[in-house]
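Beneath this line is the structure, given in C-alpha coordinates, with notes to follow.
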Amino acid sequence: MKKYIVLGLLAVLGYYLMNVFLLIDFGMPHFAQGVKDVYLSSSENVLQVSNVVTAIVVNFRGFDTLGEVTVLFLSATAMSGILYKKRHDIGDRSILFPASSIIRAGSKMLFPTITLLGVYVFVHGHLSPGGGFQGGTIIATGFLLMLLTYQNYSVSHNRLVWVESIAGILFVVIGLAGYFMKGSFLENVLPVGQLNDLFSGGVIGIIYVLVGFKVAAELIGIIYTMLHEKG
Amino acid sequence: MSIMEIIGSILVIIGSIFLFLGALGIYRMPDLYNRLQAGTKATTLGAMSVILGVGFLEPDWFLKLLILVVFIGYSNPLSSHAMARAMYKRRVFPWTKEGGVDAYREVIEKETEKKES
(Lines give C-alpha, C1' and ligand atoms only; values in the text may rest on other atoms or scores of the structure.)
Protein backbone atom coordinates (compact mmCIF):
# COMPACT_ATOMS: atom_id res chain seq x y z
CA MET A 1 0.00 0.00 0.00
CA LYS A 2 2.80 2.35 1.02
CA LYS A 3 4.51 1.76 -2.30
CA TYR A 4 1.46 2.89 -4.27
CA ILE A 5 1.07 6.04 -2.18
CA VAL A 6 4.72 6.89 -2.76
CA LEU A 7 4.39 6.21 -6.47
CA GLY A 8 1.25 8.35 -6.66
CA LEU A 9 2.92 11.24 -4.85
CA LEU A 10 5.97 10.97 -7.11
CA ALA A 11 3.71 11.01 -10.15
CA VAL A 12 1.95 14.17 -8.96
CA LEU A 13 5.28 15.82 -8.18
CA GLY A 14 6.69 14.76 -11.53
CA TYR A 15 3.65 16.14 -13.34
CA TYR A 16 4.07 19.58 -11.80
CA LEU A 17 7.85 19.60 -12.27
CA MET A 18 7.34 18.69 -15.92
CA ASN A 19 4.86 21.54 -16.32
CA VAL A 20 7.30 23.99 -14.76
CA PHE A 21 10.11 22.91 -17.06
CA LEU A 22 7.86 23.05 -20.09
CA LEU A 23 7.06 26.67 -19.26
CA ILE A 24 10.73 27.66 -19.43
CA ASP A 25 12.02 28.03 -22.98
CA PHE A 26 15.52 26.63 -22.48
CA GLY A 27 17.86 27.50 -25.30
CA MET A 28 15.74 30.33 -26.68
CA PRO A 29 17.67 33.51 -27.39
CA HIS A 30 15.46 35.72 -25.23
CA PHE A 31 15.75 33.43 -22.23
CA ALA A 32 18.88 34.80 -20.54
CA GLN A 33 18.97 38.23 -22.08
CA GLY A 34 17.12 40.16 -19.41
CA VAL A 35 19.15 38.83 -16.47
CA LYS A 36 22.47 39.16 -18.24
CA ASP A 37 22.01 42.81 -19.11
CA VAL A 38 20.81 43.72 -15.64
CA TYR A 39 23.77 41.98 -14.02
CA LEU A 40 26.36 43.48 -16.34
CA SER A 41 25.09 47.04 -16.25
CA SER A 42 24.25 47.27 -12.57
CA SER A 43 27.47 45.66 -11.35
CA GLU A 44 29.40 48.31 -13.23
CA ASN A 45 27.15 51.34 -12.79
CA VAL A 46 25.25 50.84 -9.55
CA LEU A 47 27.69 48.82 -7.44
CA GLN A 48 30.97 49.98 -9.05
CA VAL A 49 32.40 46.46 -8.96
CA SER A 50 34.78 45.46 -11.73
CA ASN A 51 34.55 41.71 -11.10
CA VAL A 52 31.04 40.82 -12.25
CA VAL A 53 31.26 37.28 -10.88
CA THR A 54 31.85 38.66 -7.39
CA ALA A 55 28.97 41.10 -7.76
CA ILE A 56 26.66 38.23 -8.66
CA VAL A 57 27.95 35.83 -6.02
CA VAL A 58 27.99 38.27 -3.11
CA ASN A 59 25.36 40.84 -3.93
CA PHE A 60 22.72 39.71 -6.41
CA ARG A 61 22.80 36.15 -5.14
CA GLY A 62 24.29 36.74 -1.70
CA PHE A 63 21.71 34.58 0.00
CA ASP A 64 22.98 31.66 -2.03
CA THR A 65 26.53 32.35 -0.81
CA LEU A 66 25.32 32.38 2.77
CA GLY A 67 23.87 28.94 2.08
CA GLU A 68 27.16 27.72 0.65
CA VAL A 69 29.07 28.91 3.71
CA THR A 70 26.52 27.13 5.87
CA VAL A 71 26.97 23.91 3.89
CA LEU A 72 30.72 24.11 4.44
CA PHE A 73 30.16 24.77 8.14
CA LEU A 74 27.83 21.78 8.43
CA SER A 75 30.25 19.44 6.69
CA ALA A 76 33.08 20.63 8.93
CA THR A 77 30.91 20.03 11.99
CA ALA A 78 29.92 16.58 10.78
CA MET A 79 33.54 15.67 10.14
CA SER A 80 34.67 16.70 13.58
CA GLY A 81 31.69 14.81 14.97
CA ILE A 82 32.79 11.63 13.25
CA LEU A 83 36.50 12.02 13.92
CA TYR A 84 36.15 13.34 17.46
CA LYS A 85 38.59 11.92 19.97
CA LYS A 86 38.86 12.49 23.65
CA ARG A 87 41.12 15.33 24.64
CA HIS A 88 43.99 13.25 25.98
CA ASP A 89 44.21 11.34 22.72
CA ILE A 90 45.07 14.46 20.80
CA GLY A 91 48.75 15.06 20.25
CA ASP A 92 50.16 11.88 18.75
CA ARG A 93 49.95 12.20 15.02
CA SER A 94 50.79 9.20 12.92
CA ILE A 95 53.85 10.17 10.90
CA LEU A 96 56.44 8.08 9.14
CA PHE A 97 59.48 10.26 9.78
CA PRO A 98 60.06 13.86 10.90
CA ALA A 99 60.59 16.59 8.33
CA SER A 100 64.16 17.55 7.50
CA SER A 101 65.72 20.76 8.74
CA ILE A 102 65.59 22.24 5.22
CA ILE A 103 61.82 21.86 5.20
CA ARG A 104 61.56 23.24 8.72
CA ALA A 105 63.49 26.38 7.85
CA GLY A 106 61.82 26.77 4.48
CA SER A 107 58.26 26.43 5.67
CA LYS A 108 58.87 29.18 8.22
CA MET A 109 59.67 31.40 5.26
CA LEU A 110 56.80 30.10 3.16
CA PHE A 111 54.07 30.40 5.76
CA PRO A 112 53.87 34.23 5.91
CA THR A 113 54.04 34.43 2.13
CA ILE A 114 51.18 31.99 1.71
CA THR A 115 49.08 33.80 4.30
CA LEU A 116 49.80 37.13 2.64
CA LEU A 117 48.72 35.72 -0.72
CA GLY A 118 45.51 34.41 0.78
CA VAL A 119 44.72 37.76 2.40
CA TYR A 120 45.48 39.53 -0.88
CA VAL A 121 43.16 37.21 -2.78
CA PHE A 122 40.17 37.77 -0.53
CA VAL A 123 40.73 41.49 0.02
CA HIS A 124 40.86 42.04 -3.74
CA GLY A 125 37.94 39.72 -4.42
CA HIS A 126 35.85 42.47 -5.98
CA LEU A 127 38.67 43.70 -8.24
CA SER A 128 40.38 40.61 -9.58
CA PRO A 129 39.67 36.89 -9.96
CA GLY A 130 39.44 35.15 -6.62
CA GLY A 131 37.51 35.89 -3.47
CA GLY A 132 36.65 34.67 -0.03
CA PHE A 133 36.53 30.95 -0.75
CA GLN A 134 39.79 30.91 -2.68
CA GLY A 135 41.65 33.13 -0.22
CA GLY A 136 40.46 31.10 2.75
CA THR A 137 41.62 27.90 1.08
CA ILE A 138 45.05 29.37 0.41
CA ILE A 139 45.42 30.36 4.08
CA ALA A 140 44.38 26.85 5.11
CA THR A 141 47.13 25.36 2.89
CA GLY A 142 49.66 27.47 4.78
CA PHE A 143 48.47 25.95 8.04
CA LEU A 144 48.55 22.49 6.45
CA LEU A 145 52.21 23.07 5.60
CA MET A 146 53.02 24.04 9.18
CA LEU A 147 51.06 21.09 10.59
CA LEU A 148 52.86 18.66 8.30
CA THR A 149 56.28 20.12 9.02
CA TYR A 150 56.18 20.60 12.77
CA GLN A 151 54.93 17.67 14.76
CA ASN A 152 54.13 19.83 17.76
CA TYR A 153 52.47 22.65 15.85
CA SER A 154 48.97 23.07 17.18
CA VAL A 155 46.03 25.28 16.40
CA SER A 156 43.77 26.49 19.17
CA HIS A 157 40.39 24.99 18.45
CA ASN A 158 38.60 27.58 20.56
CA ARG A 159 40.14 30.40 18.58
CA LEU A 160 39.04 28.81 15.31
CA VAL A 161 35.50 28.47 16.61
CA TRP A 162 35.49 32.15 17.68
CA VAL A 163 36.82 33.40 14.34
CA GLU A 164 34.32 31.30 12.45
CA SER A 165 31.34 32.26 14.58
CA ILE A 166 32.09 35.97 14.55
CA ALA A 167 32.58 35.96 10.78
CA GLY A 168 29.32 34.08 10.24
CA ILE A 169 27.35 36.32 12.60
CA LEU A 170 28.72 39.48 10.97
CA PHE A 171 27.73 38.14 7.55
CA VAL A 172 24.15 37.71 8.73
CA VAL A 173 24.22 41.10 10.51
CA ILE A 174 25.29 42.85 7.31
CA GLY A 175 22.54 41.02 5.46
CA LEU A 176 19.96 42.07 8.04
CA ALA A 177 21.22 45.67 7.94
CA GLY A 178 20.41 45.65 4.24
CA TYR A 179 17.01 44.20 5.00
CA PHE A 180 16.08 46.86 7.55
CA MET A 181 17.66 49.88 5.83
CA LYS A 182 17.04 49.16 2.14
CA GLY A 183 14.29 46.56 2.13
CA SER A 184 15.96 43.36 0.95
CA PHE A 185 18.43 40.91 2.44
CA LEU A 186 22.10 41.70 1.71
CA GLU A 187 21.21 44.94 -0.07
CA ASN A 188 24.15 47.34 -0.24
CA VAL A 189 24.11 49.80 2.68
CA LEU A 190 27.56 51.41 2.36
CA PRO A 191 28.77 54.05 -0.12
CA VAL A 192 29.86 52.32 -3.32
CA GLY A 193 32.97 54.38 -4.15
CA GLN A 194 34.80 54.40 -7.46
CA LEU A 195 35.14 51.58 -9.99
CA ASN A 196 38.49 49.75 -9.66
CA ASP A 197 39.31 51.26 -6.25
CA LEU A 198 40.05 49.03 -3.28
CA PHE A 199 37.18 50.67 -1.41
CA SER A 200 34.47 50.07 -3.95
CA GLY A 201 31.39 47.94 -4.15
CA GLY A 202 30.02 48.77 -0.71
CA VAL A 203 29.50 45.69 1.43
CA ILE A 204 30.95 43.24 -1.12
CA GLY A 205 34.54 43.66 0.03
CA ILE A 206 33.62 43.32 3.69
CA ILE A 207 31.53 40.22 3.07
CA TYR A 208 34.34 38.60 1.11
CA VAL A 209 36.79 39.29 3.94
CA LEU A 210 34.34 37.64 6.35
CA VAL A 211 33.83 34.68 4.01
CA GLY A 212 37.61 34.35 3.73
CA PHE A 213 38.06 34.17 7.51
CA LYS A 214 35.17 31.73 7.85
CA VAL A 215 36.35 29.37 5.12
CA ALA A 216 39.93 29.48 6.41
CA ALA A 217 38.83 28.63 9.95
CA GLU A 218 36.59 25.79 8.77
CA LEU A 219 39.22 24.23 6.53
CA ILE A 220 41.94 24.51 9.18
CA GLY A 221 39.57 22.76 11.59
CA ILE A 222 38.96 19.96 9.07
CA ILE A 223 42.68 19.51 8.39
CA TYR A 224 43.48 19.51 12.08
CA THR A 225 40.89 16.86 12.94
CA MET A 226 41.95 14.70 10.00
CA LEU A 227 45.63 14.84 10.96
CA HIS A 228 44.85 13.85 14.52
CA GLU A 229 42.69 10.91 13.55
CA LYS A 230 44.18 7.66 14.70
CA GLY A 231 44.48 5.24 11.82
CA MET B 1 63.21 47.57 -30.92
CA SER B 2 64.82 48.97 -27.81
CA ILE B 3 67.61 47.30 -25.88
CA MET B 4 65.18 46.35 -23.10
CA GLU B 5 62.96 44.48 -25.52
CA ILE B 6 65.93 42.59 -26.95
CA ILE B 7 67.12 41.53 -23.49
CA GLY B 8 63.59 40.55 -22.50
CA SER B 9 63.03 38.48 -25.63
CA ILE B 10 66.34 36.68 -25.22
CA LEU B 11 65.49 35.84 -21.61
CA VAL B 12 62.06 34.54 -22.60
CA ILE B 13 63.60 32.37 -25.32
CA ILE B 14 66.19 30.95 -22.91
CA GLY B 15 63.45 30.25 -20.42
CA SER B 16 61.30 28.49 -22.99
CA ILE B 17 64.22 26.32 -24.06
CA PHE B 18 64.82 25.29 -20.45
CA LEU B 19 61.12 24.58 -19.89
CA PHE B 20 61.09 22.45 -23.03
CA LEU B 21 64.17 20.55 -21.89
CA GLY B 22 62.52 19.99 -18.52
CA ALA B 23 59.46 18.50 -20.18
CA LEU B 24 61.66 16.36 -22.41
CA GLY B 25 63.58 15.18 -19.36
CA ILE B 26 60.42 14.08 -17.59
CA TYR B 27 59.60 12.01 -20.65
CA ARG B 28 63.08 10.63 -21.25
CA MET B 29 64.77 10.08 -17.87
CA PRO B 30 64.98 6.55 -16.45
CA ASP B 31 63.81 6.89 -12.82
CA LEU B 32 61.96 9.10 -10.38
CA TYR B 33 64.92 11.13 -9.15
CA ASN B 34 66.20 12.03 -12.58
CA ARG B 35 62.70 12.99 -13.62
CA LEU B 36 62.30 15.06 -10.48
CA GLN B 37 65.51 16.85 -11.26
CA ALA B 38 64.44 17.55 -14.83
CA GLY B 39 61.01 18.62 -13.68
CA THR B 40 62.20 21.01 -10.98
CA LYS B 41 65.71 22.27 -11.71
CA ALA B 42 65.09 22.98 -15.35
CA THR B 43 61.68 24.48 -14.75
CA THR B 44 62.98 26.65 -11.90
CA LEU B 45 65.50 28.30 -14.18
CA GLY B 46 63.03 28.30 -17.08
CA ALA B 47 60.22 29.94 -15.14
CA MET B 48 62.63 32.44 -13.55
CA SER B 49 64.06 33.63 -16.83
CA VAL B 50 60.65 33.76 -18.53
CA ILE B 51 59.34 35.91 -15.67
CA LEU B 52 62.41 38.14 -15.70
CA GLY B 53 62.09 38.46 -19.46
CA VAL B 54 58.50 39.58 -19.10
CA GLY B 55 59.77 42.06 -16.51
CA PHE B 56 62.14 43.55 -19.08
CA LEU B 57 59.37 43.71 -21.68
CA GLU B 58 56.93 45.39 -19.24
CA PRO B 59 59.07 47.52 -16.88
CA ASP B 60 56.04 48.55 -14.79
CA TRP B 61 55.65 45.01 -13.46
CA PHE B 62 59.33 44.49 -12.70
CA LEU B 63 59.12 44.68 -8.90
CA LYS B 64 56.16 42.29 -8.64
CA LEU B 65 57.85 39.85 -11.01
CA LEU B 66 61.06 40.05 -9.00
CA ILE B 67 59.11 38.98 -5.90
CA LEU B 68 57.68 36.10 -7.93
CA VAL B 69 61.18 35.04 -8.97
CA VAL B 70 62.36 35.05 -5.36
CA PHE B 71 59.30 33.02 -4.38
CA ILE B 72 59.93 30.42 -7.09
CA GLY B 73 63.61 30.41 -6.16
CA TYR B 74 62.92 29.17 -2.66
CA SER B 75 59.68 27.25 -2.97
CA ASN B 76 60.56 25.04 -5.94
CA PRO B 77 63.76 23.50 -4.47
CA LEU B 78 61.96 23.02 -1.16
CA SER B 79 59.15 21.01 -2.69
CA SER B 80 61.48 18.90 -4.81
CA HIS B 81 63.68 18.22 -1.78
CA ALA B 82 60.65 17.14 0.23
CA MET B 83 59.44 14.84 -2.53
CA ALA B 84 62.83 13.24 -3.13
CA ARG B 85 63.44 12.71 0.58
CA ALA B 86 60.00 11.22 1.08
CA MET B 87 60.50 8.81 -1.79
CA TYR B 88 63.90 7.74 -0.44
CA LYS B 89 62.43 7.15 2.99
CA ARG B 90 59.67 5.06 1.42
CA ARG B 91 62.48 2.93 -0.09
CA VAL B 92 62.12 3.95 -3.72
CA PHE B 93 65.75 3.84 -4.79
CA PRO B 94 67.41 5.45 -7.78
CA TRP B 95 68.31 3.53 -10.86
CA THR B 96 71.99 2.51 -10.96
CA LYS B 97 74.13 0.47 -13.29
CA GLU B 98 75.60 -2.83 -12.15
CA GLY B 99 77.99 -2.10 -9.29
CA GLY B 100 76.87 1.49 -8.87
CA VAL B 101 77.43 3.18 -5.53
CA ASP B 102 74.50 4.42 -3.46
CA ALA B 103 75.66 5.20 0.08
CA TYR B 104 72.37 6.66 1.30
CA ARG B 105 70.57 3.48 0.27
CA GLU B 106 72.81 1.45 2.56
CA VAL B 107 72.06 3.82 5.45
CA ILE B 108 68.32 3.54 4.92
CA GLU B 109 68.45 -0.24 4.57
CA LYS B 110 70.36 -0.45 7.85
CA GLU B 111 67.76 1.76 9.49
CA THR B 112 64.89 -0.42 8.34
CA GLU B 113 66.73 -3.56 9.44
CA LYS B 114 67.11 -2.04 12.91
CA LYS B 115 63.41 -1.23 13.00
CA GLU B 116 62.40 -4.72 11.93
CA SER B 117 64.70 -6.52 14.38
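By order in the C-alpha coordinates, chains are A, B, ...; within a chain, residues start at 1; ligands start at 1, following the order shown.
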Identify every residue of chain B that has at least one atom within 9 Å of any atom of chain A, counting only C-alpha atoms, and report the result as a PyMOL selection string. chain B and resi 71+74-75+78-79+81-82+85-86+89-90
With N, CA and C atoms kept, could you save the residues just selected as a tab-separated table (two decimals), in the first residue's frame?
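Final output, saved to out-v1.tsv:
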```tsv
chain	number	residue	atom	x	y	z
B	71	PHE	N	60.19	34.05	-4.92
B	71	PHE	CA	59.30	33.02	-4.38
B	71	PHE	C	59.56	31.67	-5.05
B	74	TYR	N	62.80	29.97	-3.87
B	74	TYR	CA	62.92	29.17	-2.66
B	74	TYR	C	61.81	28.16	-2.45
B	75	SER	N	60.72	28.25	-3.19
B	75	SER	CA	59.68	27.25	-2.97
B	75	SER	C	59.88	26.01	-3.83
B	78	LEU	N	62.50	23.60	-2.39
B	78	LEU	CA	61.96	23.02	-1.16
B	78	LEU	C	61.04	21.85	-1.47
B	79	SER	N	60.11	22.07	-2.41
B	79	SER	CA	59.15	21.01	-2.69
B	79	SER	C	59.84	19.81	-3.31
B	81	HIS	N	62.93	18.89	-2.86
B	81	HIS	CA	63.68	18.22	-1.78
B	81	HIS	C	62.75	17.35	-0.95
B	82	ALA	N	61.58	17.91	-0.61
B	82	ALA	CA	60.65	17.14	0.23
B	82	ALA	C	60.21	15.88	-0.49
B	85	ARG	N	63.13	13.31	-0.72
B	85	ARG	CA	63.44	12.71	0.58
B	85	ARG	C	62.34	11.72	0.98
B	86	ALA	N	61.10	12.11	0.72
B	86	ALA	CA	60.00	11.22	1.08
B	86	ALA	C	60.08	9.93	0.29
B	89	LYS	N	62.82	7.76	1.71
B	89	LYS	CA	62.43	7.15	2.99
B	89	LYS	C	61.39	6.06	2.78
B	90	ARG	N	60.62	6.15	1.72
B	90	ARG	CA	59.67	5.06	1.42
B	90	ARG	C	60.34	3.95	0.61
```
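Using only C-alpha atoms, the contacts of Gly81 in chain A at a cut-off of 10 Å, with sequence neighbours closer than 5 positions omitted, comprise Ser75, Ala76 and Thr225 of chain A.
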Please provide as number ranges by chain all residues within 9 Å of range 13-21 of chain B, with the sequence filter that same-chain residues fewer than 4 positions apart are discarded (counting only C-alpha atoms). B: 8-9, 25-26, 38-39, 42-51, 53
Please produce an output containing N, CA and C atoms for each residue in the selection, written as a PDB file, in the first residue's frame.
```pdb
ATOM      1  N   GLY B   8      64.770  41.292 -22.952  1.00  0.00           N
ATOM      2  CA  GLY B   8      63.593  40.552 -22.500  1.00  0.00           C
ATOM      3  C   GLY B   8      63.294  39.366 -23.394  1.00  0.00           C
ATOM      4  N   SER B   9      63.349  39.579 -24.711  1.00  0.00           N
ATOM      5  CA  SER B   9      63.029  38.485 -25.626  1.00  0.00           C
ATOM      6  C   SER B   9      64.036  37.355 -25.492  1.00  0.00           C
ATOM      7  N   GLY B  25      62.934  16.007 -20.369  1.00  0.00           N
ATOM      8  CA  GLY B  25      63.584  15.182 -19.355  1.00  0.00           C
ATOM      9  C   GLY B  25      62.590  14.320 -18.602  1.00  0.00           C
ATOM     10  N   ILE B  26      61.425  14.881 -18.278  1.00  0.00           N
ATOM     11  CA  ILE B  26      60.417  14.082 -17.587  1.00  0.00           C
ATOM     12  C   ILE B  26      60.015  12.891 -18.446  1.00  0.00           C
ATOM     13  N   ALA B  38      64.800  16.864 -13.579  1.00  0.00           N
ATOM     14  CA  ALA B  38      64.439  17.549 -14.827  1.00  0.00           C
ATOM     15  C   ALA B  38      63.218  18.426 -14.614  1.00  0.00           C
ATOM     16  N   GLY B  39      62.267  17.900 -13.839  1.00  0.00           N
ATOM     17  CA  GLY B  39      61.011  18.621 -13.685  1.00  0.00           C
ATOM     18  C   GLY B  39      61.106  19.805 -12.750  1.00  0.00           C
ATOM     19  N   ALA B  42      65.209  22.311 -14.060  1.00  0.00           N
ATOM     20  CA  ALA B  42      65.092  22.977 -15.350  1.00  0.00           C
ATOM     21  C   ALA B  42      63.934  23.959 -15.349  1.00  0.00           C
ATOM     22  N   THR B  43      62.829  23.566 -14.716  1.00  0.00           N
ATOM     23  CA  THR B  43      61.684  24.480 -14.751  1.00  0.00           C
ATOM     24  C   THR B  43      61.877  25.654 -13.808  1.00  0.00           C
ATOM     25  N   THR B  44      62.697  25.492 -12.742  1.00  0.00           N
ATOM     26  CA  THR B  44      62.981  26.649 -11.896  1.00  0.00           C
ATOM     27  C   THR B  44      63.680  27.721 -12.707  1.00  0.00           C
ATOM     28  N   LEU B  45      64.769  27.322 -13.373  1.00  0.00           N
ATOM     29  CA  LEU B  45      65.498  28.297 -14.185  1.00  0.00           C
ATOM     30  C   LEU B  45      64.619  28.809 -15.318  1.00  0.00           C
ATOM     31  N   GLY B  46      63.868  27.896 -15.947  1.00  0.00           N
ATOM     32  CA  GLY B  46      63.033  28.298 -17.077  1.00  0.00           C
ATOM     33  C   GLY B  46      61.996  29.327 -16.664  1.00  0.00           C
ATOM     34  N   ALA B  47      61.271  29.020 -15.585  1.00  0.00           N
ATOM     35  CA  ALA B  47      60.222  29.942 -15.140  1.00  0.00           C
ATOM     36  C   ALA B  47      60.828  31.266 -14.706  1.00  0.00           C
ATOM     37  N   MET B  48      61.996  31.197 -14.002  1.00  0.00           N
ATOM     38  CA  MET B  48      62.632  32.435 -13.551  1.00  0.00           C
ATOM     39  C   MET B  48      62.991  33.319 -14.732  1.00  0.00           C
ATOM     40  N   SER B  49      63.607  32.737 -15.764  1.00  0.00           N
ATOM     41  CA  SER B  49      64.059  33.633 -16.830  1.00  0.00           C
ATOM     42  C   SER B  49      62.892  34.078 -17.696  1.00  0.00           C
ATOM     43  N   VAL B  50      61.827  33.259 -17.813  1.00  0.00           N
ATOM     44  CA  VAL B  50      60.652  33.760 -18.531  1.00  0.00           C
ATOM     45  C   VAL B  50      60.059  34.953 -17.786  1.00  0.00           C
ATOM     46  N   ILE B  51      59.950  34.822 -16.458  1.00  0.00           N
ATOM     47  CA  ILE B  51      59.341  35.907 -15.675  1.00  0.00           C
ATOM     48  C   ILE B  51      60.209  37.159 -15.741  1.00  0.00           C
ATOM     49  N   GLY B  53      62.210  37.928 -18.107  1.00  0.00           N
ATOM     50  CA  GLY B  53      62.093  38.464 -19.465  1.00  0.00           C
ATOM     51  C   GLY B  53      60.842  39.296 -19.620  1.00  0.00           C
TER      52      GLY B  53
END
```
In terms of only C-alpha atoms, the residue from B:Leu57, B:Lys97, B:Leu63, B:Asn76 at minimal distance from Pro30 in chain B is B:Lys97
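A straight line drawn from CA of Met181 in chain A to CA of Ile166 in chain A is 21.9 Å long.
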I'd like the contact shell of Asn59 in chain A - 10 Å cut-off, only C-alpha atoms, skipping same-chain residues fewer than 6 positions apart - returned as a ChimeraX atom specification. /A:43,47,53,65,175,185-188,201-204,207
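CA of Ile56 in chain A is positioned 21.4 Å from CA of Gly118 in chain A.
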Sel. of alpha helix (DSSP H) residues, chain B, as a ChimeraX atom specification: /B:3-28,32-37,43-57,62-89,103-116
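Pairwise distance (CA of Arg61 in chain A, CA of Ile223 in chain A) equals 29.2 Å.
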Set the distance at 12 Å and use only C-alpha atoms: which residues neighbour Val107 in chain B once local chain neighbours fewer than 5 positions away are removed? I'd like the list as a list in words. Tyr88, Lys89, Arg91, Asp102, Thr112, Glu113 and Lys114 of chain B
